[in-house]
$ cat structure.cif   # mmCIF, C-alpha atoms and all ligand atoms
data_run
#
loop_
_atom_site.label_atom_id
_atom_site.label_comp_id
_atom_site.auth_asym_id
_atom_site.auth_seq_id
_atom_site.Cartn_x
_atom_site.Cartn_y
_atom_site.Cartn_z
CA MET A 1 83.57 79.01 105.91
CA THR A 2 81.88 77.69 109.02
CA THR A 3 82.88 74.04 108.83
CA PHE A 4 84.27 72.57 112.03
CA ALA A 5 87.81 72.53 110.61
CA SER A 6 87.86 76.25 109.83
CA GLN A 7 86.08 77.47 112.95
CA HIS A 8 88.26 79.82 114.97
CA ALA A 9 90.86 79.77 112.23
CA THR A 10 91.79 83.40 112.94
CA ALA A 11 94.45 82.71 115.58
CA GLY A 12 96.26 80.20 113.39
CA PHE A 13 96.52 82.55 110.42
CA ILE A 14 97.69 85.41 112.64
CA ALA A 15 100.38 83.18 114.13
CA LEU A 16 101.57 82.29 110.62
CA ASP A 17 101.74 85.97 109.60
CA GLU A 18 103.61 86.86 112.75
CA GLN A 19 106.17 84.13 112.21
CA TRP A 20 106.79 84.58 108.49
CA SER A 21 105.93 88.13 107.45
CA THR A 22 108.05 91.12 108.42
CA HIS A 23 106.58 93.13 111.27
CA ASN A 24 106.28 96.43 109.41
CA TYR A 25 102.52 96.67 110.10
CA HIS A 26 100.36 96.35 113.21
CA PRO A 27 97.10 94.96 111.78
CA LEU A 28 93.87 94.48 113.66
CA PRO A 29 93.39 90.81 114.63
CA VAL A 30 91.00 89.99 111.77
CA VAL A 31 91.82 87.57 108.94
CA ILE A 32 89.82 88.33 105.82
CA ALA A 33 88.93 85.53 103.45
CA GLU A 34 86.25 86.99 101.18
CA ALA A 35 84.76 90.34 100.27
CA GLU A 36 82.03 91.92 98.21
CA GLY A 37 80.90 95.52 97.91
CA ALA A 38 81.29 97.25 101.28
CA SER A 39 81.59 94.00 103.27
CA VAL A 40 84.35 91.57 104.07
CA THR A 41 84.10 88.14 105.72
CA ASP A 42 86.76 86.64 107.95
CA VAL A 43 88.07 83.07 108.02
CA ASP A 44 85.62 82.24 110.83
CA GLY A 45 82.66 83.42 108.74
CA LYS A 46 82.05 86.71 110.57
CA SER A 47 81.10 89.63 108.35
CA TYR A 48 82.29 93.24 108.72
CA LEU A 49 81.65 96.58 107.07
CA ASP A 50 84.82 97.92 105.48
CA PHE A 51 85.20 101.52 106.68
CA LEU A 52 88.78 101.86 105.46
CA SER A 53 88.59 100.80 101.79
CA GLY A 54 92.27 99.94 101.62
CA TYR A 55 93.09 103.63 102.22
CA SER A 56 90.89 104.50 99.18
CA ALA A 57 92.13 101.68 96.94
CA MET A 58 88.64 100.18 97.21
CA ASN A 59 86.61 103.27 96.28
CA PHE A 60 84.40 101.09 94.03
CA GLY A 61 83.98 98.44 96.70
CA HIS A 62 85.31 94.92 96.72
CA ARG A 63 85.11 92.98 93.45
CA HIS A 64 83.01 95.50 91.55
CA PRO A 65 81.41 93.39 88.77
CA ALA A 66 82.50 95.72 85.94
CA LEU A 67 86.09 95.70 87.18
CA ILE A 68 86.22 91.94 87.70
CA ALA A 69 84.75 91.46 84.21
CA ALA A 70 87.38 93.72 82.64
CA ALA A 71 90.19 91.94 84.47
CA THR A 72 88.85 88.50 83.60
CA GLU A 73 88.46 89.42 79.96
CA GLN A 74 92.01 90.73 79.79
CA LEU A 75 93.38 87.65 81.62
CA GLY A 76 92.10 85.66 78.67
CA ARG A 77 94.03 87.81 76.15
CA VAL A 78 97.44 89.13 77.26
CA THR A 79 98.69 90.30 80.66
CA LEU A 80 102.24 91.61 80.20
CA THR A 81 104.35 92.59 77.23
CA SER A 82 106.89 94.96 78.83
CA ARG A 83 107.24 98.35 77.21
CA ALA A 84 109.69 96.89 74.70
CA PHE A 85 106.62 96.37 72.52
CA HIS A 86 103.35 98.21 72.01
CA HIS A 87 100.10 96.60 73.13
CA ASP A 88 96.52 97.41 72.36
CA GLN A 89 95.53 98.75 75.81
CA LEU A 90 98.23 101.30 76.64
CA GLY A 91 97.37 104.10 74.23
CA LEU A 92 93.65 103.81 74.97
CA PHE A 93 94.26 103.82 78.75
CA CYS A 94 96.46 106.91 78.49
CA GLN A 95 94.06 108.74 76.17
CA GLU A 96 91.05 107.95 78.35
CA LEU A 97 92.82 108.91 81.58
CA ALA A 98 94.10 112.17 80.07
CA GLU A 99 90.61 113.02 78.81
CA LEU A 100 89.01 112.15 82.15
CA THR A 101 91.46 114.32 84.09
CA GLY A 102 91.69 117.14 81.53
CA THR A 103 95.40 116.57 81.01
CA GLU A 104 97.58 115.87 77.98
CA MET A 105 99.91 113.01 78.80
CA VAL A 106 100.14 109.99 81.07
CA LEU A 107 103.15 108.25 82.58
CA PRO A 108 101.92 104.85 83.80
CA MET A 109 103.56 103.23 86.83
CA ASN A 110 102.47 100.72 89.50
CA SER A 111 102.54 101.85 93.11
CA GLY A 112 101.74 105.28 94.45
CA ALA A 113 105.30 105.77 95.69
CA GLU A 114 106.56 105.09 92.18
CA ALA A 115 104.23 107.73 90.78
CA VAL A 116 105.56 110.27 93.30
CA GLU A 117 109.17 109.27 92.53
CA SER A 118 108.39 109.68 88.84
CA ALA A 119 106.88 113.13 89.40
CA VAL A 120 109.98 114.17 91.37
CA LYS A 121 112.26 113.02 88.54
CA VAL A 122 110.16 114.72 85.87
CA ALA A 123 110.02 117.98 87.86
CA ARG A 124 113.78 117.99 88.33
CA LYS A 125 114.42 117.34 84.64
CA TRP A 126 111.92 120.05 83.71
CA ALA A 127 113.72 122.47 86.05
CA TYR A 128 117.08 121.86 84.35
CA GLN A 129 115.90 121.65 80.76
CA VAL A 130 113.05 124.14 80.65
CA LYS A 131 113.33 126.50 83.62
CA GLY A 132 117.12 126.68 83.47
CA VAL A 133 117.98 125.82 87.08
CA PRO A 134 121.77 125.22 87.40
CA ASP A 135 122.66 121.53 87.29
CA GLY A 136 122.15 119.64 90.57
CA GLN A 137 120.46 122.55 92.38
CA ALA A 138 116.76 121.92 91.85
CA GLU A 139 114.59 122.13 94.96
CA ILE A 140 111.14 120.74 95.61
CA VAL A 141 109.02 122.31 98.34
CA VAL A 142 106.94 119.86 100.38
CA ALA A 143 104.60 120.14 103.36
CA GLY A 144 105.13 118.99 106.92
CA SER A 145 103.20 115.88 108.01
CA ASN A 146 102.98 114.79 104.38
CA PHE A 147 102.60 111.20 103.28
CA HIS A 148 103.86 110.36 99.79
CA GLY A 149 105.11 106.78 100.18
CA ARG A 150 107.99 104.76 101.56
CA THR A 151 110.99 104.85 99.19
CA THR A 152 114.31 106.21 100.39
CA THR A 153 113.83 109.47 98.49
CA ILE A 154 110.26 109.91 99.71
CA VAL A 155 111.07 109.25 103.36
CA SER A 156 113.86 111.81 102.93
CA PHE A 157 111.17 114.49 102.99
CA SER A 158 108.84 112.88 105.50
CA THR A 159 108.50 114.58 108.89
CA ASP A 160 107.47 111.31 110.55
CA GLU A 161 110.50 110.11 112.52
CA THR A 162 109.21 106.53 112.57
CA ALA A 163 109.22 106.51 108.78
CA ARG A 164 112.77 107.92 108.58
CA ALA A 165 114.82 106.70 111.52
CA ASP A 166 117.75 104.51 110.48
CA PHE A 167 116.96 104.77 106.77
CA GLY A 168 119.42 107.54 105.91
CA PRO A 169 121.45 108.92 104.24
CA PHE A 170 118.62 110.92 102.76
CA THR A 171 118.09 112.43 99.34
CA PRO A 172 118.77 116.18 99.32
CA GLY A 173 116.83 118.79 97.37
CA PHE A 174 113.64 119.05 99.46
CA VAL A 175 112.46 122.00 101.52
CA THR A 176 109.70 121.46 104.09
CA VAL A 177 107.15 124.09 105.11
CA ALA A 178 104.11 123.87 107.38
CA TYR A 179 101.01 122.55 105.58
CA GLY A 180 98.36 125.21 105.04
CA ASP A 181 100.74 128.14 105.59
CA ALA A 182 100.77 130.17 102.36
CA ALA A 183 103.29 132.72 103.68
CA ALA A 184 105.76 129.93 104.51
CA LEU A 185 105.27 128.53 101.02
CA ARG A 186 105.99 131.94 99.48
CA ASP A 187 109.18 132.30 101.53
CA ALA A 188 110.41 128.83 100.54
CA ILE A 189 110.16 129.40 96.78
CA ASN A 190 113.22 130.74 94.98
CA GLU A 191 114.80 130.64 91.51
CA ARG A 192 116.00 127.06 92.08
CA THR A 193 112.51 125.77 92.95
CA ALA A 194 111.32 123.14 90.49
CA ALA A 195 108.03 122.22 92.12
CA VAL A 196 105.69 122.43 95.06
CA LEU A 197 104.41 118.96 95.99
CA LEU A 198 101.22 118.84 98.08
CA GLU A 199 98.37 116.56 99.03
CA PRO A 200 95.20 118.66 98.46
CA ILE A 201 93.91 116.97 101.62
CA GLN A 202 96.46 115.18 103.81
CA GLY A 203 95.13 111.65 104.24
CA GLU A 204 97.64 109.83 106.42
CA ALA A 205 98.06 112.90 108.64
CA GLY A 206 94.40 112.51 109.68
CA VAL A 207 92.37 113.86 106.73
CA ILE A 208 93.63 117.42 107.12
CA VAL A 209 91.79 119.94 104.92
CA PRO A 210 93.91 123.07 104.36
CA PRO A 211 92.52 126.57 105.02
CA ALA A 212 90.25 128.02 102.32
CA GLY A 213 92.27 129.67 99.57
CA TYR A 214 95.55 127.92 100.42
CA LEU A 215 95.64 125.72 97.33
CA ALA A 216 94.63 128.60 95.04
CA GLU A 217 97.43 130.68 96.59
CA ALA A 218 99.87 127.81 96.02
CA ARG A 219 98.82 127.81 92.37
CA ARG A 220 99.28 131.58 92.14
CA LEU A 221 102.75 131.43 93.70
CA CYS A 222 103.77 128.64 91.32
CA ASP A 223 102.61 130.67 88.33
CA GLU A 224 104.38 133.77 89.57
CA HIS A 225 107.72 131.97 90.02
CA ASN A 226 107.56 129.47 87.13
CA VAL A 227 107.27 126.52 89.50
CA LEU A 228 105.32 123.30 88.91
CA LEU A 229 102.42 122.47 91.20
CA ILE A 230 102.31 118.72 91.81
CA ALA A 231 99.14 117.43 93.45
CA ASP A 232 99.44 114.02 95.09
CA GLU A 233 95.87 112.76 94.61
CA ILE A 234 96.72 109.12 95.24
CA GLN A 235 94.34 108.98 98.22
CA SER A 236 92.20 112.11 97.71
CA GLY A 237 91.51 111.63 94.01
CA LEU A 238 89.17 109.47 91.93
CA ALA A 239 85.85 110.42 93.57
CA ARG A 240 86.82 110.02 97.23
CA THR A 241 85.97 113.64 98.09
CA GLY A 242 82.95 114.00 95.83
CA GLU A 243 84.87 115.40 92.86
CA LEU A 244 87.08 113.50 90.45
CA LEU A 245 90.08 115.29 91.99
CA ALA A 246 90.13 116.98 95.38
CA LEU A 247 91.69 120.06 93.75
CA ASP A 248 88.52 120.45 91.68
CA HIS A 249 86.75 121.72 94.82
CA GLU A 250 89.09 124.72 94.73
CA GLY A 251 88.90 125.31 90.98
CA VAL A 252 92.67 124.78 90.93
CA ARG A 253 94.63 122.85 88.29
CA ALA A 254 97.98 121.21 88.96
CA ASP A 255 100.77 120.79 86.39
CA LEU A 256 101.20 117.18 87.46
CA TYR A 257 98.88 114.87 89.37
CA THR A 258 99.94 111.60 90.93
CA LEU A 259 97.17 109.00 90.90
CA GLY A 260 97.14 105.49 92.33
CA LYS A 261 95.18 103.43 94.83
CA ALA A 262 91.63 103.38 93.30
CA LEU A 263 93.12 103.56 89.78
CA GLY A 264 93.74 99.83 90.09
CA GLY A 265 90.13 99.17 91.06
CA GLY A 266 91.29 97.30 94.15
CA ILE A 267 92.50 94.50 91.88
CA LEU A 268 96.13 95.32 91.17
CA PRO A 269 98.51 98.22 91.66
CA VAL A 270 98.07 100.86 88.97
CA SER A 271 99.46 104.37 89.31
CA ALA A 272 100.21 107.22 86.96
CA VAL A 273 101.53 110.72 86.69
CA VAL A 274 99.24 112.80 84.51
CA GLY A 275 99.85 116.34 83.34
CA SER A 276 100.85 118.67 80.58
CA ARG A 277 102.86 117.76 77.50
CA ALA A 278 105.23 120.64 78.28
CA VAL A 279 106.28 118.88 81.48
CA LEU A 280 105.88 115.13 80.90
CA GLY A 281 107.32 115.61 77.41
CA VAL A 282 110.80 116.08 78.91
CA LEU A 283 111.19 112.29 79.31
CA LYS A 284 113.01 110.55 76.47
CA PRO A 285 113.50 106.81 75.80
CA GLY A 286 115.68 105.09 78.37
CA GLU A 287 115.43 107.83 81.00
CA HIS A 288 112.68 106.29 83.10
CA GLY A 289 110.54 103.20 83.10
CA SER A 290 109.04 100.16 84.78
CA THR A 291 108.70 96.53 83.68
CA PHE A 292 105.12 96.32 84.92
CA GLY A 293 104.09 99.97 84.41
CA GLY A 294 101.32 100.25 81.85
CA ASN A 295 100.96 96.48 81.43
CA PRO A 296 97.91 95.22 79.51
CA LEU A 297 96.10 93.89 82.58
CA ALA A 298 96.67 97.12 84.51
CA CYS A 299 95.52 99.21 81.56
CA ALA A 300 92.38 97.12 81.01
CA VAL A 301 91.42 97.44 84.69
CA GLY A 302 92.35 101.13 84.67
CA ARG A 303 90.13 101.69 81.63
CA ALA A 304 87.21 100.05 83.45
CA VAL A 305 87.89 102.34 86.45
CA ILE A 306 87.85 105.35 84.10
CA ARG A 307 84.48 104.23 82.68
CA LEU A 308 83.03 104.06 86.20
CA LEU A 309 84.39 107.51 87.06
CA ALA A 310 83.13 109.00 83.80
CA THR A 311 79.54 108.27 84.85
CA GLY A 312 79.90 110.67 87.78
CA GLU A 313 77.89 108.25 89.91
CA PHE A 314 80.66 107.68 92.46
CA GLN A 315 81.40 111.38 92.83
CA GLN A 316 77.69 111.94 93.47
CA ARG A 317 77.45 109.09 95.97
CA SER A 318 80.45 110.50 97.83
CA THR A 319 78.87 113.96 97.93
CA GLU A 320 75.47 112.76 99.15
CA LEU A 321 76.58 110.05 101.55
CA GLY A 322 79.44 112.30 102.66
CA ALA A 323 77.02 115.06 103.65
CA HIS A 324 75.12 112.52 105.75
CA LEU A 325 78.34 111.15 107.29
CA HIS A 326 79.60 114.61 108.20
CA SER A 327 76.30 115.75 109.64
CA ARG A 328 76.10 112.68 111.88
CA LEU A 329 79.76 112.82 112.92
CA GLY A 330 79.54 116.58 113.45
CA ALA A 331 76.84 115.95 116.05
CA LEU A 332 79.37 113.91 118.05
CA VAL A 333 81.75 116.84 118.49
CA GLY A 334 81.57 117.59 122.19
CA HIS A 335 80.02 114.13 122.70
CA GLY A 336 83.00 111.81 122.36
CA LEU A 337 84.77 113.56 119.51
CA SER A 338 86.87 116.72 119.68
CA ALA A 339 87.03 117.32 115.92
CA VAL A 340 85.78 116.03 112.58
CA ARG A 341 87.48 116.91 109.31
CA GLY A 342 87.16 115.85 105.71
CA ARG A 343 85.25 116.08 102.51
CA GLY A 344 82.79 113.73 100.84
CA LEU A 345 82.76 110.18 102.15
CA TRP A 346 86.08 110.71 103.91
CA ALA A 347 86.61 111.84 107.48
CA GLY A 348 89.29 112.11 110.11
CA ILE A 349 87.79 112.07 113.59
CA ASP A 350 89.65 113.00 116.74
CA ILE A 351 88.49 111.15 119.83
CA ALA A 352 88.08 113.53 122.78
CA PRO A 353 90.56 113.35 125.68
CA GLY A 354 89.45 110.75 128.22
CA GLY A 355 87.94 108.57 125.53
CA PRO A 356 89.45 105.41 124.05
CA SER A 357 92.67 105.55 122.05
CA GLY A 358 92.37 105.20 118.29
CA ARG A 359 93.55 101.63 118.59
CA GLU A 360 91.03 100.82 121.33
CA ALA A 361 88.23 102.38 119.32
CA SER A 362 89.27 100.39 116.21
CA GLN A 363 89.20 97.22 118.29
CA ALA A 364 85.79 98.04 119.76
CA LEU A 365 84.50 98.73 116.23
CA MET A 366 85.93 95.45 115.01
CA ALA A 367 84.03 93.60 117.73
CA GLU A 368 80.88 95.34 116.42
CA GLY A 369 81.63 94.31 112.85
CA VAL A 370 83.09 97.55 111.50
CA LEU A 371 86.67 97.75 110.25
CA CYS A 372 88.60 101.00 110.32
CA LYS A 373 92.06 102.01 111.46
CA GLU A 374 93.58 104.58 113.71
CA THR A 375 96.05 107.10 112.36
CA HIS A 376 98.03 108.67 115.19
CA ASP A 377 96.98 108.07 118.78
CA HIS A 378 93.47 109.50 118.92
CA THR A 379 92.40 109.82 115.31
CA LEU A 380 90.35 107.43 113.20
CA ARG A 381 90.14 107.64 109.44
CA ILE A 382 86.72 106.85 108.00
CA ALA A 383 86.66 106.02 104.28
CA PRO A 384 83.91 103.55 103.35
CA PRO A 385 83.69 102.24 99.79
CA LEU A 386 81.64 104.65 97.69
CA VAL A 387 79.23 101.80 96.86
CA ILE A 388 78.13 101.56 100.50
CA THR A 389 74.39 101.88 101.06
CA ARG A 390 72.94 104.51 103.37
CA GLU A 391 71.74 101.75 105.71
CA GLU A 392 75.22 100.23 105.91
CA LEU A 393 76.72 103.66 106.46
CA ASP A 394 74.28 104.34 109.30
CA ARG A 395 75.06 100.98 110.85
CA GLY A 396 78.76 101.86 110.86
CA ILE A 397 78.17 105.35 112.24
CA ASP A 398 75.99 103.88 115.01
CA ALA A 399 78.90 101.61 115.96
CA ILE A 400 81.33 104.56 115.88
CA THR A 401 78.99 106.53 118.10
CA ARG A 402 78.97 103.72 120.66
CA ALA A 403 82.74 103.24 120.42
CA VAL A 404 83.64 106.88 121.08
CA THR A 405 80.97 107.61 123.70
CA ARG A 406 81.38 104.49 125.78
C1 LIG B 501 99.13 105.73 99.75
C2 LIG B 501 99.73 106.99 99.31
C3 LIG B 501 100.94 107.02 98.60
C4 LIG B 501 101.77 105.78 98.37
O1 LIG B 501 101.11 104.82 97.62
P1 LIG B 501 101.65 103.30 97.63
O2 LIG B 501 100.83 102.63 96.56
O3 LIG B 501 101.39 102.75 98.98
O4 LIG B 501 103.10 103.36 97.29
C5 LIG B 501 101.41 108.24 98.16
N1 LIG B 501 100.73 109.37 98.39
C6 LIG B 501 99.57 109.40 99.08
C7 LIG B 501 98.86 110.69 99.27
C8 LIG B 501 99.04 108.21 99.57
O5 LIG B 501 97.91 108.23 100.28
#

$ encode --input "structure.cif" --output "structure tokens" --more "lines below"
Ligand SMILES: *Cc1c(COP(=O)(O)O)cnc(C)c1O
Amino acid sequence: MTTFASQHATAGFIALDEQWSTHNYHPLPVVIAEAEGASVTDVDGKSYLDFLSGYSAMNFGHRHPALIAAATEQLGRVTLTSRAFHHDQLGLFCQELAELTGTEMVLPMNSGAEAVESAVKVARKWAYQVKGVPDGQAEIVVAGSNFHGRTTTIVSFSTDETARADFGPFTPGFVTVAYGDAAALRDAINERTAAVLLEPIQGEAGVIVPPAGYLAEARRLCDEHNVLLIADEIQSGLARTGELLALDHEGVRADLYTLGKALGGGILPVSAVVGSRAVLGVLKPGEHGSTFGGNPLACAVGRAVIRLLATGEFQQRSTELGAHLHSRLGALVGHGLSAVRGRGLWAGIDIAPGGPSGREASQALMAEGVLCKETHDHTLRIAPPLVITREELDRGIDAITRAVTR
């Protein structure tokens, strides 16, 4: 890594990216070559703490040995069959994921956006076939400032103009209400409503935790009006908040959950919709699918992820380290920060007016060997891998303290 030839390789790789890859991201100027646990190393041999975790895709850290072993083992057997045939990992993956999440059925997909698309399709079909909504009239209620992915249908119900502009015409059938406003949710539900789709904590929006009781009230309204509650736990789920699912904090169950990101162990994209048989059972052969969804390699890695989650160790680490994170960040409110939100080892921090922008703070942190990313102008999202040690966490928080109080 530090041979003469590769020294200061960063600029060259960035130039290549800028010439040949579409400019749909604005990455920090770091070029990662290797990673392990909570650390990554760049092409010039400099090491950084990863305080982003691939937006929660790396909950178990980089190259967790149990996950790499499961992937390697499966690479030596069979990697893809298509769903035209059965294979020996699919049923076990679905059973184990259903048991872990306390659900009855699993629809395996690849990306998070595909899981959300799948949940939208299933909810619509359920509305027509089970609830009896007149054909073509099903509505899905969503929240403002949501993030559910990037497909044309999903950006149709985004409230982020940057995500939508010039991508229309948009998919109809979505009704947007303010996040956290139970009265608005109640007013938006009618006899054509198929589902309410919510992030239990809005990640992309800046780790927004809704008011106490909001999610329970959403559940109650859905029950009252025979509406499905769909929880998008792609970022909030799988131990990030200290529980398996963020909804577990509220004692609330959804009819459908979308899972992704950490489900692939940071190795490959694995997503799923999990839920009740009464809902997911509406799908019949030929109506929905994916060439790669539920492939043997994805299922083998997913099963290893499930085994890690079943120990409860990661949920506990998130709870304990999260309490430490929030107590230290909380002390910065009024001293560089204007607000701290979040749950477990997950925080959105607003930099106080007069301080650096989110981008400037991310760049200052990068210079100190800590990688995280702004979301919106003055907000940073902090989501270290759940394998991070307390010493590493403190080192990162020290750097954040310097970056926001400079
Ligand atoms: C990341 C994310 C998605 C989209 O997942 P992709 O794998 O990027 O398609 C959907 N919902 C939430 C809440 C997310 O955080």

$ atom_distance --input "structure.cif" --atom1 "atom CA of A:Ala66" --atom2 "atom CA of A:Ile267"
11.7 Å

$ closest_residue --input "structure.cif" --among "A:Glu250, A:Asp160, A:Glu233, A:Glu34" --to "ligand LIG 501 (chain B)" --atoms "only C-alpha atoms and all ligand atoms"
A:Glu233

$ closest_residue --input "structure.cif" --among "A:Pro200, A:Gly302, A:Gly112, A:Gly206" --to "A:Leu92" --atoms "all atoms listed in the file"
A:Gly302

$ atom_distance --input "structure.cif" --atom1 "atom CA of A:Val141" --atom2 "atom CA of A:Leu229"
9.7 Å

$ residues_near_ligand --input "structure.cif" --ligand "ligand LIG 501 (chain B)" --cutoff "9 Å" --atoms "all atoms listed in the file" --output "VMD selection string"
chain A and resid 55 to 57 110 to 116 146 to 151 198 to 204 231 to 236 258 to 261 269 to 271
